[in-house]
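Colleague: I am sharing model_12.cif, which consists of mmCIF, N, CA and C atoms:
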data_entry
loop_
_atom_site.label_atom_id
_atom_site.label_comp_id
_atom_site.auth_asym_id
_atom_site.auth_seq_id
_atom_site.Cartn_x
_atom_site.Cartn_y
_atom_site.Cartn_z
N VAL Y 250 5.99 44.90 -30.81
CA VAL Y 250 6.27 43.94 -29.76
C VAL Y 250 5.78 42.57 -30.23
N CYS Y 251 6.66 41.62 -30.18
CA CYS Y 251 6.32 40.25 -30.58
C CYS Y 251 6.21 39.40 -29.32
N VAL Y 252 5.09 38.75 -29.17
CA VAL Y 252 4.86 37.89 -28.01
C VAL Y 252 4.78 36.45 -28.49
N THR Y 253 5.59 35.60 -27.91
CA THR Y 253 5.56 34.19 -28.24
C THR Y 253 4.64 33.48 -27.26
N VAL Y 254 3.67 32.80 -27.79
CA VAL Y 254 2.74 32.05 -26.96
C VAL Y 254 3.13 30.58 -27.03
N ARG Y 255 3.44 30.04 -25.89
CA ARG Y 255 3.82 28.63 -25.83
C ARG Y 255 2.60 27.81 -25.48
N LYS Y 256 2.27 26.87 -26.31
CA LYS Y 256 1.12 26.02 -26.05
C LYS Y 256 1.51 24.90 -25.09
N LEU Y 257 0.70 24.73 -24.09
CA LEU Y 257 0.92 23.62 -23.16
C LEU Y 257 0.33 22.36 -23.77
N PRO Y 258 0.94 21.22 -23.50
CA PRO Y 258 0.39 19.97 -24.05
C PRO Y 258 -1.00 19.70 -23.47
N VAL Y 259 -1.87 19.22 -24.31
CA VAL Y 259 -3.22 18.88 -23.88
C VAL Y 259 -3.17 17.47 -23.30
N PRO Y 260 -3.65 17.30 -22.06
CA PRO Y 260 -3.63 15.96 -21.47
C PRO Y 260 -4.48 14.98 -22.28
N THR Y 261 -3.96 13.80 -22.46
CA THR Y 261 -4.71 12.75 -23.17
C THR Y 261 -5.78 12.19 -22.25
N LEU Y 262 -6.70 11.45 -22.83
CA LEU Y 262 -7.73 10.79 -22.03
C LEU Y 262 -7.09 9.85 -21.02
N LEU Y 263 -6.02 9.15 -21.43
CA LEU Y 263 -5.32 8.25 -20.51
C LEU Y 263 -4.74 9.02 -19.32
N ALA Y 264 -4.10 10.16 -19.59
CA ALA Y 264 -3.52 10.97 -18.51
C ALA Y 264 -4.60 11.48 -17.56
N LYS Y 265 -5.72 11.89 -18.11
CA LYS Y 265 -6.83 12.37 -17.28
C LYS Y 265 -7.39 11.22 -16.44
N SER Y 266 -7.53 10.06 -17.06
CA SER Y 266 -8.07 8.90 -16.34
C SER Y 266 -7.12 8.46 -15.23
N ARG Y 267 -5.81 8.48 -15.50
CA ARG Y 267 -4.81 8.13 -14.48
C ARG Y 267 -4.88 9.11 -13.31
N SER Y 268 -4.98 10.39 -13.62
CA SER Y 268 -5.05 11.41 -12.59
C SER Y 268 -6.31 11.22 -11.73
N TYR Y 269 -7.42 10.96 -12.38
CA TYR Y 269 -8.66 10.72 -11.65
C TYR Y 269 -8.52 9.50 -10.75
N ALA Y 270 -7.94 8.42 -11.26
CA ALA Y 270 -7.75 7.20 -10.47
C ALA Y 270 -6.82 7.47 -9.28
N TYR Y 271 -5.77 8.23 -9.49
CA TYR Y 271 -4.82 8.58 -8.43
C TYR Y 271 -5.56 9.25 -7.27
N TYR Y 272 -6.39 10.21 -7.58
CA TYR Y 272 -7.13 10.92 -6.52
C TYR Y 272 -8.24 10.06 -5.93
N ARG Y 273 -8.90 9.28 -6.76
CA ARG Y 273 -9.95 8.38 -6.28
C ARG Y 273 -9.38 7.37 -5.28
N GLN Y 274 -8.16 6.92 -5.53
CA GLN Y 274 -7.48 5.93 -4.67
C GLN Y 274 -6.64 6.59 -3.58
N GLU Y 275 -6.80 7.89 -3.43
CA GLU Y 275 -6.07 8.66 -2.41
C GLU Y 275 -4.56 8.51 -2.54
N GLY Y 276 -4.08 8.43 -3.80
CA GLY Y 276 -2.65 8.39 -4.06
C GLY Y 276 -1.99 7.05 -3.78
N ARG Y 277 -2.78 6.01 -3.62
CA ARG Y 277 -2.23 4.70 -3.28
C ARG Y 277 -2.38 3.73 -4.44
N CYS Y 278 -1.41 2.84 -4.56
CA CYS Y 278 -1.39 1.83 -5.62
C CYS Y 278 -2.57 0.87 -5.47
N PHE Y 279 -3.21 0.55 -6.57
CA PHE Y 279 -4.33 -0.38 -6.59
C PHE Y 279 -3.92 -1.76 -6.08
N TYR Y 280 -2.68 -2.16 -6.33
CA TYR Y 280 -2.22 -3.51 -5.97
C TYR Y 280 -1.57 -3.60 -4.59
N CYS Y 281 -0.58 -2.76 -4.34
CA CYS Y 281 0.18 -2.89 -3.08
C CYS Y 281 -0.28 -1.92 -1.99
N ASP Y 282 -1.05 -0.93 -2.35
CA ASP Y 282 -1.58 0.06 -1.43
C ASP Y 282 -0.51 0.99 -0.86
N TYR Y 283 0.69 0.97 -1.43
CA TYR Y 283 1.73 1.92 -1.03
C TYR Y 283 1.39 3.28 -1.65
N PRO Y 284 1.81 4.36 -0.99
CA PRO Y 284 1.63 5.68 -1.60
C PRO Y 284 2.51 5.81 -2.84
N MET Y 285 2.02 6.55 -3.82
CA MET Y 285 2.76 6.77 -5.06
C MET Y 285 3.08 8.26 -5.19
N TRP Y 286 3.90 8.59 -6.16
CA TRP Y 286 4.19 9.99 -6.45
C TRP Y 286 3.89 10.28 -7.92
N VAL Y 287 3.67 11.57 -8.18
CA VAL Y 287 3.39 12.01 -9.55
C VAL Y 287 4.48 12.95 -10.04
N ASN Y 288 4.99 13.82 -9.16
CA ASN Y 288 5.89 14.88 -9.60
C ASN Y 288 7.35 14.76 -9.19
N SER Y 289 7.67 14.09 -8.08
CA SER Y 289 9.05 14.14 -7.61
C SER Y 289 9.47 12.88 -6.85
N ALA Y 290 10.34 12.11 -7.48
CA ALA Y 290 10.89 10.92 -6.82
C ALA Y 290 11.77 11.35 -5.64
N LEU Y 291 12.49 12.44 -5.80
CA LEU Y 291 13.37 12.92 -4.73
C LEU Y 291 12.57 13.28 -3.48
N ARG Y 292 11.49 14.01 -3.66
CA ARG Y 292 10.64 14.39 -2.52
C ARG Y 292 10.06 13.14 -1.85
N TYR Y 293 9.64 12.17 -2.66
CA TYR Y 293 9.10 10.92 -2.14
C TYR Y 293 10.16 10.20 -1.31
N ALA Y 294 11.38 10.08 -1.86
CA ALA Y 294 12.47 9.38 -1.17
C ALA Y 294 12.78 10.03 0.17
N LYS Y 295 12.82 11.35 0.19
CA LYS Y 295 13.10 12.05 1.45
C LYS Y 295 11.97 11.84 2.46
N PHE Y 296 10.74 11.91 2.00
CA PHE Y 296 9.59 11.80 2.90
C PHE Y 296 9.47 10.39 3.49
N TYR Y 297 9.69 9.36 2.65
CA TYR Y 297 9.49 7.98 3.11
C TYR Y 297 10.79 7.28 3.50
N GLY Y 298 11.91 7.96 3.42
CA GLY Y 298 13.18 7.40 3.87
C GLY Y 298 13.66 6.23 3.04
N CYS Y 299 13.50 6.34 1.74
CA CYS Y 299 13.99 5.29 0.84
C CYS Y 299 14.97 5.90 -0.14
N THR Y 300 15.60 5.07 -0.95
CA THR Y 300 16.54 5.57 -1.95
C THR Y 300 15.77 6.12 -3.15
N ILE Y 301 16.46 6.89 -3.97
CA ILE Y 301 15.85 7.41 -5.20
C ILE Y 301 15.43 6.25 -6.10
N THR Y 302 16.24 5.23 -6.18
CA THR Y 302 15.91 4.07 -7.01
C THR Y 302 14.62 3.41 -6.53
N GLN Y 303 14.50 3.24 -5.22
CA GLN Y 303 13.27 2.67 -4.66
C GLN Y 303 12.08 3.59 -4.95
N ALA Y 304 12.29 4.88 -4.81
CA ALA Y 304 11.22 5.84 -5.07
C ALA Y 304 10.78 5.81 -6.53
N GLN Y 305 11.71 5.62 -7.43
CA GLN Y 305 11.35 5.58 -8.85
C GLN Y 305 10.38 4.45 -9.16
N HIS Y 306 10.43 3.38 -8.41
CA HIS Y 306 9.49 2.27 -8.58
C HIS Y 306 8.07 2.66 -8.17
N MET Y 307 7.95 3.73 -7.42
CA MET Y 307 6.65 4.12 -6.88
C MET Y 307 5.96 5.20 -7.70
N LYS Y 308 6.46 5.48 -8.88
CA LYS Y 308 5.81 6.46 -9.76
C LYS Y 308 4.42 5.96 -10.15
N CYS Y 309 3.46 6.86 -10.16
CA CYS Y 309 2.09 6.51 -10.53
C CYS Y 309 1.99 6.24 -12.03
N THR Y 310 1.42 5.10 -12.38
CA THR Y 310 1.17 4.74 -13.77
C THR Y 310 -0.30 4.39 -13.93
N ALA Y 311 -0.74 4.38 -15.17
CA ALA Y 311 -2.12 3.99 -15.48
C ALA Y 311 -2.15 2.50 -15.75
N GLU Y 312 -3.05 1.82 -15.09
CA GLU Y 312 -3.20 0.38 -15.26
C GLU Y 312 -4.56 0.09 -15.88
N HIS Y 313 -4.56 -0.52 -17.06
CA HIS Y 313 -5.81 -0.91 -17.70
C HIS Y 313 -6.34 -2.17 -17.01
N LEU Y 314 -7.53 -2.09 -16.46
CA LEU Y 314 -8.11 -3.25 -15.81
C LEU Y 314 -8.49 -4.31 -16.85
N LEU Y 315 -9.04 -3.88 -17.95
CA LEU Y 315 -9.23 -4.74 -19.12
C LEU Y 315 -8.21 -4.28 -20.14
N ALA Y 316 -7.25 -5.14 -20.47
CA ALA Y 316 -6.14 -4.78 -21.35
C ALA Y 316 -6.64 -4.22 -22.69
N LYS Y 317 -5.86 -3.30 -23.23
CA LYS Y 317 -6.22 -2.72 -24.53
C LYS Y 317 -6.33 -3.80 -25.59
N GLN Y 318 -5.44 -4.80 -25.52
CA GLN Y 318 -5.47 -5.89 -26.51
C GLN Y 318 -6.74 -6.72 -26.41
N ASP Y 319 -7.44 -6.62 -25.28
CA ASP Y 319 -8.69 -7.35 -25.08
C ASP Y 319 -9.91 -6.43 -25.24
N GLY Y 320 -9.66 -5.23 -25.78
CA GLY Y 320 -10.76 -4.30 -26.03
C GLY Y 320 -10.93 -3.23 -24.98
N GLY Y 321 -10.03 -3.19 -23.99
CA GLY Y 321 -10.11 -2.16 -22.95
C GLY Y 321 -9.79 -0.79 -23.50
N LYS Y 322 -10.43 0.21 -22.96
CA LYS Y 322 -10.25 1.60 -23.40
C LYS Y 322 -9.54 2.41 -22.31
N ASP Y 323 -9.20 3.64 -22.66
CA ASP Y 323 -8.52 4.54 -21.73
C ASP Y 323 -9.49 5.29 -20.82
N HIS Y 324 -10.72 4.87 -20.74
CA HIS Y 324 -11.74 5.57 -19.96
C HIS Y 324 -11.57 5.35 -18.47
N VAL Y 325 -12.10 6.27 -17.71
CA VAL Y 325 -11.99 6.27 -16.25
C VAL Y 325 -12.40 4.93 -15.64
N TRP Y 326 -13.45 4.34 -16.13
CA TRP Y 326 -13.95 3.08 -15.55
C TRP Y 326 -13.00 1.91 -15.78
N ASN Y 327 -12.04 2.05 -16.69
CA ASN Y 327 -11.11 0.95 -17.00
C ASN Y 327 -9.69 1.23 -16.52
N ILE Y 328 -9.45 2.35 -15.87
CA ILE Y 328 -8.11 2.72 -15.44
C ILE Y 328 -8.03 2.78 -13.92
N SER Y 329 -7.01 2.13 -13.39
CA SER Y 329 -6.64 2.27 -11.98
C SER Y 329 -5.24 2.84 -11.94
N ALA Y 330 -4.90 3.44 -10.83
CA ALA Y 330 -3.54 3.94 -10.64
C ALA Y 330 -2.74 2.83 -9.95
N ALA Y 331 -1.57 2.54 -10.50
CA ALA Y 331 -0.70 1.51 -9.92
C ALA Y 331 0.74 2.02 -9.95
N CYS Y 332 1.51 1.64 -8.95
CA CYS Y 332 2.91 2.02 -8.95
C CYS Y 332 3.61 1.31 -10.11
N LYS Y 333 4.69 1.90 -10.55
CA LYS Y 333 5.44 1.37 -11.69
C LYS Y 333 5.87 -0.08 -11.44
N LEU Y 334 6.30 -0.38 -10.23
CA LEU Y 334 6.78 -1.72 -9.90
C LEU Y 334 5.67 -2.76 -10.06
N CYS Y 335 4.52 -2.51 -9.46
CA CYS Y 335 3.40 -3.46 -9.56
C CYS Y 335 2.94 -3.60 -11.01
N ASN Y 336 2.85 -2.50 -11.71
CA ASN Y 336 2.39 -2.52 -13.09
C ASN Y 336 3.34 -3.36 -13.96
N GLN Y 337 4.64 -3.09 -13.84
CA GLN Y 337 5.61 -3.84 -14.65
C GLN Y 337 5.63 -5.31 -14.29
N ARG Y 338 5.60 -5.63 -13.01
CA ARG Y 338 5.62 -7.04 -12.61
C ARG Y 338 4.38 -7.77 -13.09
N ARG Y 339 3.24 -7.12 -13.08
CA ARG Y 339 2.01 -7.77 -13.57
C ARG Y 339 2.13 -8.12 -15.04
N HIS Y 340 2.68 -7.18 -15.82
CA HIS Y 340 2.74 -7.40 -17.27
C HIS Y 340 3.89 -8.29 -17.70
N ARG Y 341 4.81 -8.58 -16.80
CA ARG Y 341 5.91 -9.51 -17.11
C ARG Y 341 5.54 -10.95 -16.79
N ARG Y 342 4.41 -11.16 -16.14
CA ARG Y 342 4.01 -12.51 -15.76
C ARG Y 342 3.60 -13.32 -16.98
N ASN Y 343 3.85 -14.61 -16.93
CA ASN Y 343 3.42 -15.51 -18.00
C ASN Y 343 1.94 -15.85 -17.87
N ASP Y 344 1.49 -15.98 -16.62
CA ASP Y 344 0.06 -16.23 -16.40
C ASP Y 344 -0.62 -14.87 -16.20
N HIS Y 345 -1.59 -14.60 -16.99
CA HIS Y 345 -2.24 -13.29 -16.95
C HIS Y 345 -3.38 -13.31 -15.93
N LEU Y 346 -3.03 -12.94 -14.70
CA LEU Y 346 -4.01 -12.89 -13.62
C LEU Y 346 -4.93 -11.69 -13.80
N SER Y 347 -6.16 -11.84 -13.35
CA SER Y 347 -7.08 -10.71 -13.34
C SER Y 347 -6.53 -9.66 -12.37
N PRO Y 348 -6.96 -8.42 -12.51
CA PRO Y 348 -6.48 -7.38 -11.57
C PRO Y 348 -6.72 -7.75 -10.10
N ASN Y 349 -7.89 -8.31 -9.79
CA ASN Y 349 -8.18 -8.66 -8.39
C ASN Y 349 -7.33 -9.84 -7.91
N ALA Y 350 -7.12 -10.82 -8.76
CA ALA Y 350 -6.27 -11.97 -8.39
C ALA Y 350 -4.83 -11.51 -8.19
N TYR Y 351 -4.37 -10.61 -9.04
CA TYR Y 351 -3.01 -10.08 -8.90
C TYR Y 351 -2.88 -9.27 -7.61
N ARG Y 352 -3.90 -8.48 -7.28
CA ARG Y 352 -3.90 -7.70 -6.04
C ARG Y 352 -3.78 -8.64 -4.84
N GLU Y 353 -4.52 -9.74 -4.85
CA GLU Y 353 -4.44 -10.71 -3.75
C GLU Y 353 -3.03 -11.29 -3.64
N LEU Y 354 -2.41 -11.62 -4.77
CA LEU Y 354 -1.04 -12.13 -4.78
C LEU Y 354 -0.08 -11.11 -4.17
N VAL Y 355 -0.19 -9.87 -4.61
CA VAL Y 355 0.69 -8.80 -4.10
C VAL Y 355 0.49 -8.63 -2.60
N GLN Y 356 -0.75 -8.64 -2.14
CA GLN Y 356 -1.03 -8.47 -0.72
C GLN Y 356 -0.42 -9.62 0.12
N ARG Y 357 -0.49 -10.84 -0.40
CA ARG Y 357 0.13 -11.98 0.30
C ARG Y 357 1.65 -11.78 0.40
N LYS Y 358 2.26 -11.35 -0.70
CA LYS Y 358 3.72 -11.14 -0.70
C LYS Y 358 4.11 -9.99 0.23
N LEU Y 359 3.28 -8.96 0.28
CA LEU Y 359 3.55 -7.84 1.19
C LEU Y 359 3.55 -8.31 2.64
N LYS Y 360 2.60 -9.16 3.00
CA LYS Y 360 2.53 -9.66 4.37
C LYS Y 360 3.77 -10.47 4.74
N LYS Y 361 4.35 -11.14 3.74
CA LYS Y 361 5.58 -11.91 3.97
C LYS Y 361 6.82 -11.02 3.91
N GLY Y 362 6.66 -9.78 3.44
CA GLY Y 362 7.80 -8.86 3.31
C GLY Y 362 8.64 -9.15 2.09
N THR Y 363 8.02 -9.75 1.06
CA THR Y 363 8.80 -10.14 -0.12
C THR Y 363 8.40 -9.38 -1.39
N TRP Y 364 7.76 -8.23 -1.24
CA TRP Y 364 7.34 -7.51 -2.45
C TRP Y 364 8.20 -6.28 -2.70
N HIS Y 365 8.15 -5.30 -1.81
CA HIS Y 365 8.95 -4.08 -1.97
C HIS Y 365 10.27 -4.23 -1.25
N SER Y 366 11.25 -3.46 -1.70
CA SER Y 366 12.57 -3.51 -1.06
C SER Y 366 12.66 -2.57 0.13
N PHE Y 367 11.57 -1.90 0.47
CA PHE Y 367 11.52 -1.06 1.66
C PHE Y 367 10.11 -1.12 2.24
N GLN Y 368 10.01 -0.78 3.51
CA GLN Y 368 8.72 -0.83 4.19
C GLN Y 368 8.27 0.58 4.55
N ILE Y 369 6.97 0.79 4.50
CA ILE Y 369 6.39 2.05 4.94
C ILE Y 369 5.46 1.73 6.10
N ASP Y 370 5.65 2.41 7.20
CA ASP Y 370 4.81 2.18 8.39
C ASP Y 370 3.36 2.44 8.07
N GLY Y 371 2.49 1.60 8.57
CA GLY Y 371 1.06 1.79 8.40
C GLY Y 371 0.49 1.23 7.12
N VAL Y 372 1.31 0.59 6.31
CA VAL Y 372 0.81 -0.01 5.06
C VAL Y 372 0.67 -1.49 5.25
#
Take the structure in the file and give it back as structure tokens.
Modeller:
Amino acid sequence: VCVTVRKLPVPTLLAKSRSYAYYRQEGRCFYCDYPMWVNSALRYAKFYGCTITQAQHMKCTAEHLLAKQDGGKDHVWNISAACKLCNQRRHRRNDHLSPNAYRELVQRKLKKGTWHSFQIDGV
């Protein structure tokens, strides 16, 4: 009898740090405070009443508080969980705001209703 053993991928330090940040932040984005998803955009879209495209923006990503290019590491103390939308928009900016300054900007835009293309009650 031949048994094939399939090795599961070993999570990287970055993946572990992102997962820890996700749970530490109760599944909410560090910047916009919207709930994020890890496993299913479809389930998220159904639960929050948004489109799949909108849900895809809410995928949990790892955000380096101190950028790797500035010496930041993948350790828990340097990683926050951020939705894909907030993470991408932060890194596309020409002015490199600190994480806290960027969070304040996002929060101001949320209050005006100009950040996400959908609203979630209670956020």
Colleague: Quick one: axis-aligned box around all listed atoms of range 329-336 of chain Y, 3 Å on every side, centre and edge lengths in Å to one decimal, written as AutoDock Vina command-line options.
Modeller:
--center_x -0.1 --center_y 0.2 --center_z -11.5 --size_x 19.8 --size_y 13.5 --size_z 11.0
Colleague: Per DSSP on the backbone, filter range 293-330 of chain Y down to the residues in strand (DSSP E or B) and report them as a list in words.
Modeller: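 The residues of range 293-330 of chain Y classed as strand (DSSP E or B) are Lys308, Cys309, Thr310, Ala311, Glu312, His313, Ile328, Ser329 and Ala330 of chain Y.
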Colleague: Identify all residues satisfying the PyMOL selection byres (((chain Y and resi 299-305 and name CA) around 10) and name CA) in the given file; provide them as a ChimeraX atom specification.
Modeller: /Y:285-286,289-298,306-309,332-334,365-369
Colleague: Mind giving me the straight-line distance from atom N of Val372 in chain Y to atom N of Tyr280 in chain Y in Å, one decimal?
Modeller: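 Spanning atom N of Val372 in chain Y to atom N of Tyr280 in chain Y is a straight-line distance of 13.5 Å.
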Colleague: Name the residues in contact with Cys278 in chain Y at a cut-off of 12 Å, using only C-alpha atoms, excluding same-chain residues fewer than 3 positions from it; report them as a short mmCIF file (atom, residue, chain, number, x, y, z; two decimals) with N, CA and C atoms, in the frame of the given file.
Modeller:
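Output file part20.cif is given in full below:
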data_model
loop_
_atom_site.label_atom_id
_atom_site.label_comp_id
_atom_site.auth_asym_id
_atom_site.auth_seq_id
_atom_site.Cartn_x
_atom_site.Cartn_y
_atom_site.Cartn_z
N ARG Y 267 -5.81 8.48 -15.50
CA ARG Y 267 -4.81 8.13 -14.48
C ARG Y 267 -4.88 9.11 -13.31
N ALA Y 270 -7.94 8.42 -11.26
CA ALA Y 270 -7.75 7.20 -10.47
C ALA Y 270 -6.82 7.47 -9.28
N TYR Y 271 -5.77 8.23 -9.49
CA TYR Y 271 -4.82 8.58 -8.43
C TYR Y 271 -5.56 9.25 -7.27
N TYR Y 272 -6.39 10.21 -7.58
CA TYR Y 272 -7.13 10.92 -6.52
C TYR Y 272 -8.24 10.06 -5.93
N ARG Y 273 -8.90 9.28 -6.76
CA ARG Y 273 -9.95 8.38 -6.28
C ARG Y 273 -9.38 7.37 -5.28
N GLN Y 274 -8.16 6.92 -5.53
CA GLN Y 274 -7.48 5.93 -4.67
C GLN Y 274 -6.64 6.59 -3.58
N GLU Y 275 -6.80 7.89 -3.43
CA GLU Y 275 -6.07 8.66 -2.41
C GLU Y 275 -4.56 8.51 -2.54
N CYS Y 281 -0.58 -2.76 -4.34
CA CYS Y 281 0.18 -2.89 -3.08
C CYS Y 281 -0.28 -1.92 -1.99
N ASP Y 282 -1.05 -0.93 -2.35
CA ASP Y 282 -1.58 0.06 -1.43
C ASP Y 282 -0.51 0.99 -0.86
N TYR Y 283 0.69 0.97 -1.43
CA TYR Y 283 1.73 1.92 -1.03
C TYR Y 283 1.39 3.28 -1.65
N PRO Y 284 1.81 4.36 -0.99
CA PRO Y 284 1.63 5.68 -1.60
C PRO Y 284 2.51 5.81 -2.84
N MET Y 285 2.02 6.55 -3.82
CA MET Y 285 2.76 6.77 -5.06
C MET Y 285 3.08 8.26 -5.19
N TRP Y 286 3.90 8.59 -6.16
CA TRP Y 286 4.19 9.99 -6.45
C TRP Y 286 3.89 10.28 -7.92
N VAL Y 287 3.67 11.57 -8.18
CA VAL Y 287 3.39 12.01 -9.55
C VAL Y 287 4.48 12.95 -10.04
N HIS Y 306 10.43 3.38 -8.41
CA HIS Y 306 9.49 2.27 -8.58
C HIS Y 306 8.07 2.66 -8.17
N MET Y 307 7.95 3.73 -7.42
CA MET Y 307 6.65 4.12 -6.88
C MET Y 307 5.96 5.20 -7.70
N LYS Y 308 6.46 5.48 -8.88
CA LYS Y 308 5.81 6.46 -9.76
C LYS Y 308 4.42 5.96 -10.15
N CYS Y 309 3.46 6.86 -10.16
CA CYS Y 309 2.09 6.51 -10.53
C CYS Y 309 1.99 6.24 -12.03
N THR Y 310 1.42 5.10 -12.38
CA THR Y 310 1.17 4.74 -13.77
C THR Y 310 -0.30 4.39 -13.93
N ALA Y 311 -0.74 4.38 -15.17
CA ALA Y 311 -2.12 3.99 -15.48
C ALA Y 311 -2.15 2.50 -15.75
N GLU Y 312 -3.05 1.82 -15.09
CA GLU Y 312 -3.20 0.38 -15.26
C GLU Y 312 -4.56 0.09 -15.88
N ILE Y 328 -9.45 2.35 -15.87
CA ILE Y 328 -8.11 2.72 -15.44
C ILE Y 328 -8.03 2.78 -13.92
N SER Y 329 -7.01 2.13 -13.39
CA SER Y 329 -6.64 2.27 -11.98
C SER Y 329 -5.24 2.84 -11.94
N ALA Y 330 -4.90 3.44 -10.83
CA ALA Y 330 -3.54 3.94 -10.64
C ALA Y 330 -2.74 2.83 -9.95
N ALA Y 331 -1.57 2.54 -10.50
CA ALA Y 331 -0.70 1.51 -9.92
C ALA Y 331 0.74 2.02 -9.95
N CYS Y 332 1.51 1.64 -8.95
CA CYS Y 332 2.91 2.02 -8.95
C CYS Y 332 3.61 1.31 -10.11
N LYS Y 333 4.69 1.90 -10.55
CA LYS Y 333 5.44 1.37 -11.69
C LYS Y 333 5.87 -0.08 -11.44
N LEU Y 334 6.30 -0.38 -10.23
CA LEU Y 334 6.78 -1.72 -9.90
C LEU Y 334 5.67 -2.76 -10.06
N CYS Y 335 4.52 -2.51 -9.46
CA CYS Y 335 3.40 -3.46 -9.56
C CYS Y 335 2.94 -3.60 -11.01
N ASN Y 336 2.85 -2.50 -11.71
CA ASN Y 336 2.39 -2.52 -13.09
C ASN Y 336 3.34 -3.36 -13.96
N ARG Y 352 -3.90 -8.48 -7.28
CA ARG Y 352 -3.90 -7.70 -6.04
C ARG Y 352 -3.78 -8.64 -4.84
N VAL Y 355 -0.19 -9.87 -4.61
CA VAL Y 355 0.69 -8.80 -4.10
C VAL Y 355 0.49 -8.63 -2.60
N GLN Y 356 -0.75 -8.64 -2.14
CA GLN Y 356 -1.03 -8.47 -0.72
C GLN Y 356 -0.42 -9.62 0.12
N VAL Y 372 1.31 0.59 6.31
CA VAL Y 372 0.81 -0.01 5.06
C VAL Y 372 0.67 -1.49 5.25
#
Colleague: Got a sec: who's within 8 Å of Leu262 in chain Y, counting all atoms listed in the file, leaving out chain neighbours fewer than 2 positions off, as a tab-separated table (two decimals) with N, CA and C atoms, in the coordinates of the input?
Modeller:
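After the write, result_25.tsv holds the following:
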chain	number	residue	atom	x	y	z
Y	259	VAL	N	-1.87	19.22	-24.31
Y	259	VAL	CA	-3.22	18.88	-23.88
Y	259	VAL	C	-3.17	17.47	-23.30
Y	260	PRO	N	-3.65	17.30	-22.06
Y	260	PRO	CA	-3.63	15.96	-21.47
Y	260	PRO	C	-4.48	14.98	-22.28
Y	264	ALA	N	-4.10	10.16	-19.59
Y	264	ALA	CA	-3.52	10.97	-18.51
Y	264	ALA	C	-4.60	11.48	-17.56
Y	265	LYS	N	-5.72	11.89	-18.11
Y	265	LYS	CA	-6.83	12.37	-17.28
Y	265	LYS	C	-7.39	11.22	-16.44
Y	266	SER	N	-7.53	10.06	-17.06
Y	266	SER	CA	-8.07	8.90	-16.34
Y	266	SER	C	-7.12	8.46	-15.23
Y	267	ARG	N	-5.81	8.48	-15.50
Y	267	ARG	CA	-4.81	8.13	-14.48
Y	267	ARG	C	-4.88	9.11	-13.31
Y	268	SER	N	-4.98	10.39	-13.62
Y	268	SER	CA	-5.05	11.41	-12.59
Y	268	SER	C	-6.31	11.22	-11.73
Y	322	LYS	N	-10.43	0.21	-22.96
Y	322	LYS	CA	-10.25	1.60	-23.40
Y	322	LYS	C	-9.54	2.41	-22.31
Y	323	ASP	N	-9.20	3.64	-22.66
Y	323	ASP	CA	-8.52	4.54	-21.73
Y	323	ASP	C	-9.49	5.29	-20.82
Y	324	HIS	N	-10.72	4.87	-20.74
Y	324	HIS	CA	-11.74	5.57	-19.96
Y	324	HIS	C	-11.57	5.35	-18.47
Y	325	VAL	N	-12.10	6.27	-17.71
Y	325	VAL	CA	-11.99	6.27	-16.25
Y	325	VAL	C	-12.40	4.93	-15.64
